[in-house]
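A.B. asks: This is the content of run-v5.csv (CSV, C-alpha atoms):
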```csv
chain,number,residue,atom,x,y,z
R,224,MET,CA,-52.8,-26.0,38.5
R,225,ARG,CA,-51.2,-23.3,40.6
R,226,GLN,CA,-48.3,-25.6,41.2
R,227,LEU,CA,-47.5,-25.7,37.6
R,228,SER,CA,-48.5,-22.3,36.4
R,229,SER,CA,-46.2,-20.4,38.8
R,230,PRO,CA,-42.9,-22.0,37.6
R,231,ILE,CA,-44.1,-21.7,34.0
R,232,ALA,CA,-44.9,-18.0,34.4
R,233,GLY,CA,-41.4,-17.7,36.0
R,234,LEU,CA,-39.8,-19.4,33.0
R,235,VAL,CA,-41.6,-17.3,30.4
R,236,LEU,CA,-40.9,-14.0,32.3
R,237,GLY,CA,-37.3,-14.9,32.9
R,238,PHE,CA,-36.9,-15.6,29.1
R,239,ILE,CA,-38.6,-12.2,28.2
R,240,PHE,CA,-36.3,-10.4,30.7
R,241,GLY,CA,-33.3,-12.1,29.1
R,242,ILE,CA,-34.3,-11.2,25.6
R,243,GLY,CA,-34.9,-7.6,26.7
R,244,LEU,CA,-31.3,-7.5,28.2
R,245,ILE,CA,-29.9,-8.9,24.9
R,246,VAL,CA,-31.8,-6.5,22.7
R,247,SER,CA,-30.9,-3.5,24.9
R,248,GLY,CA,-27.2,-4.1,24.6
R,249,MET,CA,-26.7,-4.7,28.4
R,250,VAL,CA,-25.3,-8.2,27.9
R,251,ASP,CA,-22.3,-6.7,26.2
R,252,PRO,CA,-19.9,-5.6,29.0
R,253,ALA,CA,-18.3,-3.1,26.7
R,254,ASN,CA,-21.5,-1.1,26.5
R,255,VAL,CA,-21.9,-1.1,30.3
R,256,LYS,CA,-18.3,0.0,30.8
R,257,ALA,CA,-18.7,2.8,28.3
R,258,PHE,CA,-22.0,3.8,29.9
R,259,LEU,CA,-20.3,4.3,33.3
R,260,ASP,CA,-17.5,6.2,31.6
R,261,ILE,CA,-19.2,9.6,31.5
R,262,THR,CA,-16.0,11.5,30.9
R,263,GLY,CA,-15.0,9.1,28.1
R,264,GLN,CA,-11.4,9.1,29.4
R,265,THR,CA,-11.2,5.4,30.2
R,266,TYR,CA,-12.8,3.7,27.2
R,267,GLY,CA,-12.8,6.6,24.7
R,268,ALA,CA,-16.4,7.8,24.5
R,269,TRP,CA,-19.5,7.9,26.8
R,270,ARG,CA,-22.3,5.6,25.6
R,271,PRO,CA,-25.4,7.0,27.4
R,272,GLN,CA,-27.9,4.7,25.6
R,273,LEU,CA,-28.3,2.3,28.6
R,274,LEU,CA,-30.2,5.2,30.3
R,275,ALA,CA,-33.1,4.2,27.9
R,276,VAL,CA,-33.1,0.7,29.2
R,277,LEU,CA,-33.6,1.9,32.8
R,278,GLY,CA,-36.1,4.6,31.7
R,279,ALA,CA,-38.3,2.4,29.6
R,280,GLY,CA,-38.0,-0.5,32.1
R,281,VAL,CA,-39.1,1.7,35.0
R,282,MET,CA,-42.0,3.2,33.1
R,283,VAL,CA,-43.4,-0.1,31.9
R,284,THR,CA,-42.9,-1.6,35.3
R,285,THR,CA,-44.6,1.4,37.0
R,286,VAL,CA,-47.7,0.9,34.8
R,287,ILE,CA,-48.0,-2.8,35.5
R,288,TYR,CA,-47.4,-2.3,39.2
R,289,ILE,CA,-50.4,0.1,39.3
R,290,LEU,CA,-52.5,-2.6,37.6
R,291,ALA,CA,-51.2,-5.2,40.1
R,292,LYS,CA,-52.0,-3.0,43.1
R,293,ARG,CA,-55.7,-3.0,42.1
R,294,ARG,CA,-55.8,-6.8,42.4
R,295,LYS,CA,-56.4,-8.8,45.6
R,296,HIS,CA,-53.9,-11.4,44.6
R,297,PRO,CA,-51.5,-12.2,41.7
R,298,LEU,CA,-52.6,-14.3,38.8
R,299,VAL,CA,-50.8,-17.6,39.6
R,300,GLU,CA,-49.8,-17.2,43.3
R,301,ALA,CA,-51.7,-16.7,46.6
R,302,GLY,CA,-50.3,-13.3,47.6
R,303,PHE,CA,-48.3,-10.3,46.7
R,304,HIS,CA,-44.8,-10.0,48.2
R,305,TRP,CA,-44.2,-6.2,48.2
R,306,PRO,CA,-41.0,-5.2,50.0
R,307,HIS,CA,-41.5,-3.5,53.4
R,308,ALA,CA,-38.0,-2.2,54.1
R,309,THR,CA,-37.7,1.6,53.9
R,310,VAL,CA,-34.6,2.2,56.0
R,311,ILE,CA,-31.5,3.7,54.3
R,312,ASP,CA,-28.7,2.3,56.4
R,313,ARG,CA,-25.0,1.6,56.2
R,314,GLN,CA,-25.7,-2.0,55.0
R,315,LEU,CA,-27.6,-0.7,52.0
R,316,ILE,CA,-25.1,1.9,51.0
R,317,VAL,CA,-21.9,-0.1,51.6
R,318,GLY,CA,-23.4,-3.1,49.8
R,319,SER,CA,-24.5,-1.0,46.8
R,320,ALA,CA,-21.1,0.7,46.7
R,321,LEU,CA,-19.3,-2.7,46.6
R,322,PHE,CA,-21.7,-3.8,43.9
R,323,GLY,CA,-20.8,-0.5,41.9
R,324,VAL,CA,-17.1,-1.3,42.0
R,325,GLY,CA,-17.6,-4.9,40.8
R,326,TRP,CA,-20.1,-3.7,38.1
R,327,ALA,CA,-17.5,-1.2,36.8
R,328,LEU,CA,-14.6,-3.8,36.9
R,329,ALA,CA,-16.4,-6.4,34.8
R,330,GLY,CA,-19.3,-4.6,33.1
R,331,TYR,CA,-21.6,-7.3,34.3
R,332,CYS,CA,-24.5,-7.0,36.8
R,333,PRO,CA,-26.3,-10.2,37.8
R,334,GLY,CA,-29.0,-10.4,35.0
R,335,PRO,CA,-26.7,-9.9,32.0
R,336,ALA,CA,-24.1,-12.2,33.5
R,337,LEU,CA,-26.7,-15.0,33.7
R,338,VAL,CA,-27.8,-14.4,30.1
R,339,ALA,CA,-24.1,-14.4,29.0
R,340,LEU,CA,-23.7,-17.7,30.8
R,341,GLY,CA,-26.3,-19.1,28.5
R,342,SER,CA,-24.5,-17.8,25.5
R,343,PHE,CA,-21.4,-19.8,26.3
R,344,SER,CA,-19.2,-17.0,27.5
R,345,SER,CA,-16.3,-18.3,29.6
R,346,ASP,CA,-16.0,-14.9,31.2
R,347,ALA,CA,-19.6,-15.1,32.4
R,348,VAL,CA,-19.0,-18.6,33.9
R,349,ILE,CA,-16.1,-17.3,36.0
R,350,PHE,CA,-18.1,-14.2,37.0
R,351,VAL,CA,-21.2,-16.1,38.0
R,352,VAL,CA,-19.3,-18.7,40.1
R,353,ALA,CA,-17.5,-15.8,41.9
R,354,MET,CA,-20.9,-14.0,42.3
R,355,ALA,CA,-22.4,-17.1,44.0
R,356,ALA,CA,-19.3,-17.3,46.3
R,357,GLY,CA,-19.5,-13.6,47.1
R,358,GLY,CA,-23.1,-13.8,48.1
R,359,SER,CA,-22.6,-16.9,50.2
R,360,LEU,CA,-19.6,-15.3,51.9
R,361,GLN,CA,-21.7,-12.2,52.8
R,362,HIS,CA,-24.4,-14.4,54.2
R,363,ILE,CA,-22.0,-16.4,56.3
R,364,LEU,CA,-20.2,-13.3,57.7
R,365,GLN,CA,-23.5,-11.7,58.6
R,366,HIS,CA,-25.5,-14.6,60.0
R,367,LYS,CA,-23.1,-17.3,61.1
R,368,LEU,CA,-20.0,-15.5,62.4
R,369,ALA,CA,-21.6,-12.4,63.9
R,370,PRO,CA,-24.9,-13.4,65.5
R,371,ARG,CA,-26.7,-10.4,67.0
H,290,MET,CA,-23.7,7.3,11.6
H,291,VAL,CA,-26.7,9.3,12.8
H,292,ASP,CA,-28.9,6.3,11.9
H,293,SER,CA,-26.8,3.9,13.9
H,294,VAL,CA,-26.8,6.1,17.0
H,295,TRP,CA,-30.6,6.3,16.9
H,296,SER,CA,-30.9,2.6,16.3
H,297,ILE,CA,-28.8,2.0,19.5
H,298,TRP,CA,-31.1,4.3,21.5
H,299,LEU,CA,-34.1,2.5,19.9
H,300,SER,CA,-32.9,-1.0,20.7
H,301,ALA,CA,-32.0,0.1,24.2
H,302,ALA,CA,-35.6,1.4,24.7
H,303,ILE,CA,-37.2,-1.7,23.2
H,304,GLY,CA,-35.0,-3.9,25.4
H,305,GLY,CA,-36.1,-1.8,28.3
H,306,VAL,CA,-39.7,-2.2,27.5
H,307,LEU,CA,-39.2,-6.0,27.4
H,308,VAL,CA,-37.4,-5.8,30.8
H,309,GLY,CA,-40.2,-3.8,32.2
H,310,MET,CA,-42.9,-6.2,30.9
H,311,ALA,CA,-41.0,-9.1,32.6
H,312,SER,CA,-40.4,-7.1,35.8
H,313,GLY,CA,-44.0,-5.9,36.1
H,314,GLY,CA,-45.2,-9.4,34.9
H,315,LEU,CA,-43.4,-11.2,37.7
H,316,MET,CA,-45.4,-9.1,40.2
H,317,LEU,CA,-48.7,-9.4,38.3
H,318,PHE,CA,-48.4,-13.2,37.8
H,319,ASN,CA,-46.2,-14.4,40.7
H,320,GLY,CA,-46.5,-11.5,43.2
H,321,ARG,CA,-42.8,-11.1,43.3
H,322,ILE,CA,-40.2,-8.4,42.8
H,323,ALA,CA,-38.0,-9.2,39.8
H,324,GLY,CA,-34.7,-8.7,41.7
H,325,ILE,CA,-32.2,-10.9,39.9
H,326,SER,CA,-29.5,-10.8,42.6
H,327,GLY,CA,-32.1,-11.7,45.3
H,328,ILE,CA,-33.5,-14.6,43.2
H,329,PHE,CA,-30.0,-15.7,42.4
H,330,HIS,CA,-28.8,-15.7,46.0
H,331,GLN,CA,-31.9,-17.5,47.2
H,332,THR,CA,-31.5,-20.1,44.6
H,333,VAL,CA,-27.8,-20.7,45.4
H,334,ALA,CA,-28.9,-21.1,49.0
H,335,GLY,CA,-31.2,-23.9,47.9
H,336,SER,CA,-34.6,-22.2,47.5
H,337,ARG,CA,-37.5,-24.6,47.4
H,338,GLU,CA,-39.7,-22.3,45.3
H,339,ALA,CA,-39.7,-23.5,41.8
H,340,TRP,CA,-40.4,-20.1,40.2
H,341,ARG,CA,-37.0,-18.9,41.2
H,342,TRP,CA,-35.3,-21.7,39.5
H,343,THR,CA,-37.4,-21.4,36.3
H,344,PHE,CA,-37.0,-17.6,36.2
H,345,LEU,CA,-33.2,-18.0,36.2
H,346,ALA,CA,-33.5,-20.8,33.7
H,347,GLY,CA,-35.5,-18.5,31.4
H,348,LEU,CA,-32.7,-15.9,31.6
H,349,VAL,CA,-30.0,-18.4,30.8
H,350,LEU,CA,-32.3,-19.9,28.0
H,351,ALA,CA,-32.5,-16.4,26.4
H,352,GLY,CA,-28.7,-16.5,26.2
H,353,VAL,CA,-28.7,-20.0,24.7
H,354,ILE,CA,-31.4,-19.2,22.1
H,355,ALA,CA,-29.7,-15.9,21.1
H,356,ALA,CA,-26.3,-17.6,20.8
H,357,LEU,CA,-27.7,-20.3,18.6
H,358,LEU,CA,-30.1,-18.3,16.4
H,359,TYR,CA,-29.1,-14.7,16.5
H,360,PRO,CA,-25.4,-14.6,17.4
H,361,SER,CA,-25.1,-11.1,15.9
H,362,LEU,CA,-27.2,-9.7,18.8
H,363,LEU,CA,-24.5,-10.8,21.3
H,364,PRO,CA,-21.0,-9.3,22.0
H,365,ALA,CA,-18.5,-10.1,19.3
H,366,ALA,CA,-16.8,-13.5,19.6
H,367,PRO,CA,-18.2,-15.1,22.7
H,368,MET,CA,-15.5,-17.6,23.7
H,369,PRO,CA,-16.9,-21.0,24.2
H,370,VAL,CA,-13.7,-22.8,25.0
H,371,SER,CA,-10.8,-20.4,25.1
H,372,SER,CA,-9.9,-19.0,28.5
H,373,PRO,CA,-9.1,-15.4,29.2
H,374,ALA,CA,-5.6,-14.2,30.3
H,375,VAL,CA,-4.7,-14.7,33.9
H,376,GLY,CA,-5.1,-11.0,34.7
H,377,GLY,CA,-8.5,-11.0,33.1
H,378,THR,CA,-9.5,-14.0,35.1
H,379,LEU,CA,-8.4,-12.4,38.4
H,380,LYS,CA,-10.4,-9.2,37.5
H,381,LEU,CA,-13.5,-11.3,36.7
H,382,VAL,CA,-13.2,-13.2,40.0
H,383,ALA,CA,-12.8,-10.0,42.0
H,384,ALA,CA,-15.7,-8.4,40.1
H,385,GLY,CA,-17.9,-11.4,40.7
H,386,LEU,CA,-17.1,-11.6,44.4
H,387,LEU,CA,-17.8,-7.8,44.8
H,388,VAL,CA,-21.1,-8.0,42.9
H,389,GLY,CA,-22.2,-11.1,44.8
H,390,PHE,CA,-21.2,-9.8,48.2
H,391,GLY,CA,-22.5,-6.3,47.5
H,392,THR,CA,-25.8,-7.2,46.1
H,393,ARG,CA,-26.6,-9.5,49.0
H,394,MET,CA,-25.4,-7.0,51.6
H,395,GLY,CA,-27.4,-4.2,49.8
H,396,SER,CA,-30.4,-6.4,49.1
H,397,GLY,CA,-30.5,-5.7,45.4
H,398,CYS,CA,-29.0,-4.8,42.1
H,399,THR,CA,-29.8,-3.0,38.9
H,400,SER,CA,-33.1,-4.9,38.5
H,401,GLY,CA,-34.4,-5.1,42.1
H,402,HIS,CA,-33.4,-1.6,43.2
H,403,GLY,CA,-33.1,-0.1,39.7
H,404,VAL,CA,-36.1,-1.1,37.7
H,405,CYS,CA,-38.5,-2.5,40.4
H,406,GLY,CA,-37.5,-0.2,43.3
H,407,LEU,CA,-37.8,3.0,41.2
H,408,ALA,CA,-41.1,1.8,39.7
H,409,ARG,CA,-42.7,1.6,43.2
H,410,PHE,CA,-41.1,5.0,44.1
H,411,SER,CA,-38.9,3.5,46.9
H,412,LEU,CA,-36.5,6.1,48.4
H,413,ARG,CA,-34.5,3.3,49.8
H,414,SER,CA,-34.0,1.8,46.3
H,415,LEU,CA,-33.3,5.3,44.9
H,416,ALA,CA,-30.5,5.6,47.5
H,417,ALA,CA,-29.1,2.3,46.4
H,418,VAL,CA,-29.3,3.2,42.7
H,419,VAL,CA,-27.6,6.6,43.2
H,420,THR,CA,-24.9,4.8,45.2
H,421,PHE,CA,-24.0,2.0,42.8
H,422,LEU,CA,-24.2,4.3,39.7
H,423,SER,CA,-22.0,7.0,41.2
H,424,VAL,CA,-19.5,4.5,42.6
H,425,GLY,CA,-19.5,2.7,39.3
H,426,ILE,CA,-18.8,6.0,37.5
H,427,VAL,CA,-16.0,7.0,39.9
H,428,ALA,CA,-14.5,3.5,39.7
H,429,THR,CA,-14.5,3.6,35.9
H,430,PHE,CA,-12.8,7.0,36.0
H,431,LEU,CA,-10.1,5.6,38.4
H,432,ILE,CA,-9.6,2.5,36.2
H,433,GLY,CA,-8.7,5.0,33.4
H,434,VAL,CA,-6.4,6.9,35.7
H,435,VAL,CA,-4.5,3.8,36.8
H,436,GLY,CA,-4.2,2.9,33.2
H,437,GLY,CA,-5.9,-0.5,33.2
H,438,ARG,CA,-7.5,0.1,29.9
H,439,ALA,CA,-9.3,-3.1,29.2
```
Go through the file and emit its structure as structure tokens.

C.D. replies:
Amino acid sequence: MRQLSSPIAGLVLGFIFGIGLIVSGMVDPANVKAFLDITGQTYGAWRPQLLAVLGAGVMVTTVIYILAKRRKHPLVEAGFHWPHATVIDRQLIVGSALFGVGWALAGYCPGPALVALGSFSSDAVIFVVAMAAGGSLQHILQHKLAPR
Amino acid sequence: MVDSVWSIWLSAAIGGVLVGMASGGLMLFNGRIAGISGIFHQTVAGSREAWRWTFLAGLVLAGVIAALLYPSLLPAAPMPVSSPAVGGTLKLVAAGLLVGFGTRMGSGCTSGHGVCGLARFSLRSLAAVVTFLSVGIVATFLIGVVGGRA
């Protein structure tokens, strides 16, 4: 049963996540670009509304995380995989900065890009292929070419 | 006008609630952080765990269903066959490479560090969020200065 319920839960939750991104307006790159344009000088006017996506998303997730932490194990898997990393290092900051530049350029972050891929956007197809290549390139540079 | 501004805030918040339900739900049900870049990179690398594949399929499926049933929810004129101008393509490729490289190097994006990281009060994720938001804001400003109004 667990073998089937885990991927089914994944499918349903991915679907809900995607619908949430669509309803919120994050799948429209124009909204994201205008959200990052706090002075309004690049795209005309600041659109602060995406703050509500992050705010509501964090609040609801916080509540569910509190409920999850009271449990010994998740509902359809054997154990919880809470992240353990706490170090704030160059890797984290440089990576996040590169992501910020790409995010501003296209108005897509990974989730909305994948949803837009489903809605037959040719822009999203190009973006997602490049995103896969970029991630693979980073992995190769870090693990294959520069072994520690 | 006032109505439409408030309806944008409202739909953003409702969307955020759904995102939160799915993010929290992936921990409650599957015991996993809903970090889309991480799930995506692991899947591209050939993950053997089915939930990653189905979670991504669910995201894509949401786009398919919306395009078929509620196209008004999506950005105007999604282009199924037409291809963007060459300059636009180069910009998309550069952006995709940066987002893919950066999220793998920094171990997360708007969902993993943003929603999930802040929800578990991670200072490391807060540092990531402050970084990509401020760099995104500065980059947007510079795009305007250079004049690449797009």

A.B. asks: At a cut-off of 9 Å, using all atoms listed in the file, what residues contact region 396-402 of chain H? Leave out same-chain residues fewer than 6 positions from it and give the result as a ChimeraX atom specification.

C.D. replies: /R:277,314-315,318-319,322,332-334 /H:308,312,322-327,388,411,413-418,421

A.B. asks: CA of Leu337 (chain R) and CA of Gly352 (chain H) are how many Å apart?

C.D. replies: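 CA of Gly352 (chain H) lies 7.9 Å from CA of Leu337 (chain R).
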
A.B. asks: Can you tell me, as a count of residues only, what residues are no more than 12 Å from Tyr288 (chain R) when counting all atoms listed in the file, ignoring any on the same chain fewer than 6 positions away?

C.D. replies: 28

A.B. asks: Rank R:Arg270, R:Gly357, R:Thr262, R:His296 by their smallest atom-to-atom distance to chain H, using all atoms listed in the file, and report the top residue only.

C.D. replies: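 For chain H, the nearest of the candidates is R:Gly357.
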
A.B. asks: Please report, as a tab-separated table, each residue of chain H lying at most 6 Å from chain R, together with the nearest pair of atoms and the separation in Å rounded to one decimal; use only C-alpha atoms, and order rows by chain and ascending residue number.

C.D. replies:
```
residue	atom	partner	partner_atom	distance
H:Trp298	CA	R:Gln272	CA	5.2
H:Ser300	CA	R:Ser247	CA	5.3
H:Ala301	CA	R:Ser247	CA	3.8
H:Ala302	CA	R:Ala275	CA	4.9
H:Gly304	CA	R:Gly243	CA	3.9
H:Gly305	CA	R:Val276	CA	4.0
H:Val306	CA	R:Gly280	CA	5.2
H:Leu307	CA	R:Gly243	CA	4.6
H:Val308	CA	R:Phe240	CA	4.7
H:Gly309	CA	R:Gly280	CA	4.0
H:Ala311	CA	R:Leu236	CA	4.9
H:Gly313	CA	R:Thr284	CA	4.5
H:Leu317	CA	R:Ala291	CA	5.2
H:Phe318	CA	R:Leu298	CA	4.5
H:Asn319	CA	R:Glu300	CA	5.2
H:Gly320	CA	R:Phe303	CA	4.1
H:Arg321	CA	R:His304	CA	5.4
H:Ile325	CA	R:Gly334	CA	5.9
H:Ser326	CA	R:Pro333	CA	5.8
H:Ala339	CA	R:Pro230	CA	5.5
H:Trp340	CA	R:Pro230	CA	4.1
H:Thr343	CA	R:Leu234	CA	4.5
H:Phe344	CA	R:Gly237	CA	4.3
H:Gly347	CA	R:Phe238	CA	4.0
H:Leu348	CA	R:Gly241	CA	4.6
H:Val349	CA	R:Gly341	CA	4.4
H:Ala351	CA	R:Gly241	CA	5.1
H:Gly352	CA	R:Gly341	CA	4.2
H:Val353	CA	R:Gly341	CA	4.6
H:Ala356	CA	R:Ser342	CA	5.0
H:Pro364	CA	R:Asp251	CA	5.1
H:Pro367	CA	R:Ser344	CA	5.3
H:Met368	CA	R:Ser344	CA	5.3
H:Pro369	CA	R:Phe343	CA	5.1
H:Leu381	CA	R:Phe350	CA	5.4
H:Val382	CA	R:Ala353	CA	5.4
H:Ala384	CA	R:Gly325	CA	4.0
H:Gly385	CA	R:Met354	CA	4.3
H:Leu386	CA	R:Gly357	CA	4.1
H:Leu387	CA	R:Gly325	CA	4.9
H:Val388	CA	R:Phe322	CA	4.4
H:Gly389	CA	R:Met354	CA	4.0
H:Phe390	CA	R:Gly357	CA	4.3
H:Gly391	CA	R:Gly318	CA	4.0
H:Thr392	CA	R:Phe322	CA	5.8
H:Arg393	CA	R:Gly358	CA	5.6
H:Met394	CA	R:Gly318	CA	4.7
H:Gly395	CA	R:Leu315	CA	4.1
H:Val404	CA	R:Val281	CA	4.9
H:Ala408	CA	R:Thr285	CA	4.4
H:Arg413	CA	R:Ile311	CA	5.4
H:Ala417	CA	R:Ser319	CA	5.7
H:Thr420	CA	R:Ala320	CA	5.8
H:Phe421	CA	R:Gly323	CA	4.2
H:Val424	CA	R:Gly323	CA	5.2
H:Gly425	CA	R:Gly323	CA	4.3
H:Ile426	CA	R:Leu259	CA	4.8
H:Ala428	CA	R:Val324	CA	5.9
H:Thr429	CA	R:Ala327	CA	5.7
H:Gly433	CA	R:Thr265	CA	4.1
```

A.B. asks: Record the distance separating CA of Ile303 (chain H) and CA of Trp269 (chain R), expressed in Å with one decimal.

C.D. replies: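 Separation between CA of Ile303 (chain H) and CA of Trp269 (chain R): 20.5 Å.
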
A.B. asks: Would you work out the distance separating CA of Leu362 (chain H) from CA of Ala346 (chain H), expressed in Å to one decimal?

C.D. replies: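 For CA of Leu362 (chain H) relative to CA of Ala346 (chain H), the distance reads 19.6 Å.
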
A.B. asks: Would you kindly place N, CA and C atoms on region 403-424 of chain H and return the model as a PDB file, in the coordinates of the input?

C.D. replies:
```pdb
ATOM      1  N   GLY H 403     -32.969  -0.952  40.902  1.00  0.00           N
ATOM      2  CA  GLY H 403     -33.100  -0.100  39.700  1.00  0.00           C
ATOM      3  C   GLY H 403     -34.487  -0.063  39.171  1.00  0.00           C
ATOM      4  N   VAL H 404     -34.831  -1.100  38.431  1.00  0.00           N
ATOM      5  CA  VAL H 404     -36.100  -1.100  37.700  1.00  0.00           C
ATOM      6  C   VAL H 404     -37.301  -1.222  38.719  1.00  0.00           C
ATOM      7  N   CYS H 405     -37.312  -2.264  39.543  1.00  0.00           N
ATOM      8  CA  CYS H 405     -38.500  -2.500  40.400  1.00  0.00           C
ATOM      9  C   CYS H 405     -38.608  -1.458  41.509  1.00  0.00           C
ATOM     10  N   GLY H 406     -37.494  -1.103  42.150  1.00  0.00           N
ATOM     11  CA  GLY H 406     -37.500  -0.200  43.300  1.00  0.00           C
ATOM     12  C   GLY H 406     -37.983   1.227  42.822  1.00  0.00           C
ATOM     13  N   LEU H 407     -37.429   1.697  41.703  1.00  0.00           N
ATOM     14  CA  LEU H 407     -37.800   3.000  41.200  1.00  0.00           C
ATOM     15  C   LEU H 407     -39.273   3.004  40.751  1.00  0.00           C
ATOM     16  N   ALA H 408     -39.722   1.865  40.203  1.00  0.00           N
ATOM     17  CA  ALA H 408     -41.100   1.800  39.700  1.00  0.00           C
ATOM     18  C   ALA H 408     -42.118   1.828  40.838  1.00  0.00           C
ATOM     19  N   ARG H 409     -41.699   1.500  42.066  1.00  0.00           N
ATOM     20  CA  ARG H 409     -42.700   1.600  43.200  1.00  0.00           C
ATOM     21  C   ARG H 409     -42.261   2.815  44.073  1.00  0.00           C
ATOM     22  N   PHE H 410     -41.464   3.738  43.499  1.00  0.00           N
ATOM     23  CA  PHE H 410     -41.100   5.000  44.100  1.00  0.00           C
ATOM     24  C   PHE H 410     -40.487   4.802  45.520  1.00  0.00           C
ATOM     25  N   SER H 411     -39.597   3.810  45.647  1.00  0.00           N
ATOM     26  CA  SER H 411     -38.900   3.500  46.900  1.00  0.00           C
ATOM     27  C   SER H 411     -37.696   4.432  47.081  1.00  0.00           C
ATOM     28  N   LEU H 412     -37.687   5.249  48.132  1.00  0.00           N
ATOM     29  CA  LEU H 412     -36.500   6.100  48.400  1.00  0.00           C
ATOM     30  C   LEU H 412     -35.306   5.281  48.737  1.00  0.00           C
ATOM     31  N   ARG H 413     -35.550   4.154  49.438  1.00  0.00           N
ATOM     32  CA  ARG H 413     -34.500   3.300  49.800  1.00  0.00           C
ATOM     33  C   ARG H 413     -33.762   2.731  48.534  1.00  0.00           C
ATOM     34  N   SER H 414     -34.564   2.321  47.547  1.00  0.00           N
ATOM     35  CA  SER H 414     -34.000   1.800  46.300  1.00  0.00           C
ATOM     36  C   SER H 414     -33.306   2.974  45.530  1.00  0.00           C
ATOM     37  N   LEU H 415     -33.887   4.169  45.572  1.00  0.00           N
ATOM     38  CA  LEU H 415     -33.300   5.300  44.900  1.00  0.00           C
ATOM     39  C   LEU H 415     -31.870   5.565  45.496  1.00  0.00           C
ATOM     40  N   ALA H 416     -31.770   5.460  46.832  1.00  0.00           N
ATOM     41  CA  ALA H 416     -30.500   5.600  47.500  1.00  0.00           C
ATOM     42  C   ALA H 416     -29.474   4.590  47.002  1.00  0.00           C
ATOM     43  N   ALA H 417     -29.954   3.345  46.844  1.00  0.00           N
ATOM     44  CA  ALA H 417     -29.100   2.300  46.400  1.00  0.00           C
ATOM     45  C   ALA H 417     -28.628   2.557  44.921  1.00  0.00           C
ATOM     46  N   VAL H 418     -29.576   2.980  44.069  1.00  0.00           N
ATOM     47  CA  VAL H 418     -29.300   3.200  42.700  1.00  0.00           C
ATOM     48  C   VAL H 418     -28.248   4.375  42.535  1.00  0.00           C
ATOM     49  N   VAL H 419     -28.494   5.468  43.269  1.00  0.00           N
ATOM     50  CA  VAL H 419     -27.600   6.600  43.200  1.00  0.00           C
ATOM     51  C   VAL H 419     -26.183   6.154  43.681  1.00  0.00           C
ATOM     52  N   THR H 420     -26.142   5.285  44.708  1.00  0.00           N
ATOM     53  CA  THR H 420     -24.900   4.800  45.200  1.00  0.00           C
ATOM     54  C   THR H 420     -24.127   3.946  44.197  1.00  0.00           C
ATOM     55  N   PHE H 421     -24.804   2.906  43.659  1.00  0.00           N
ATOM     56  CA  PHE H 421     -24.000   2.000  42.800  1.00  0.00           C
ATOM     57  C   PHE H 421     -23.690   2.696  41.439  1.00  0.00           C
ATOM     58  N   LEU H 422     -24.556   3.608  40.971  1.00  0.00           N
ATOM     59  CA  LEU H 422     -24.200   4.300  39.700  1.00  0.00           C
ATOM     60  C   LEU H 422     -23.057   5.273  39.947  1.00  0.00           C
ATOM     61  N   SER H 423     -23.090   6.058  41.033  1.00  0.00           N
ATOM     62  CA  SER H 423     -22.000   7.000  41.200  1.00  0.00           C
ATOM     63  C   SER H 423     -20.693   6.323  41.549  1.00  0.00           C
ATOM     64  N   VAL H 424     -20.749   5.271  42.358  1.00  0.00           N
ATOM     65  CA  VAL H 424     -19.500   4.500  42.600  1.00  0.00           C
ATOM     66  C   VAL H 424     -18.997   3.856  41.374  1.00  0.00           C
TER      67      VAL H 424
END
```
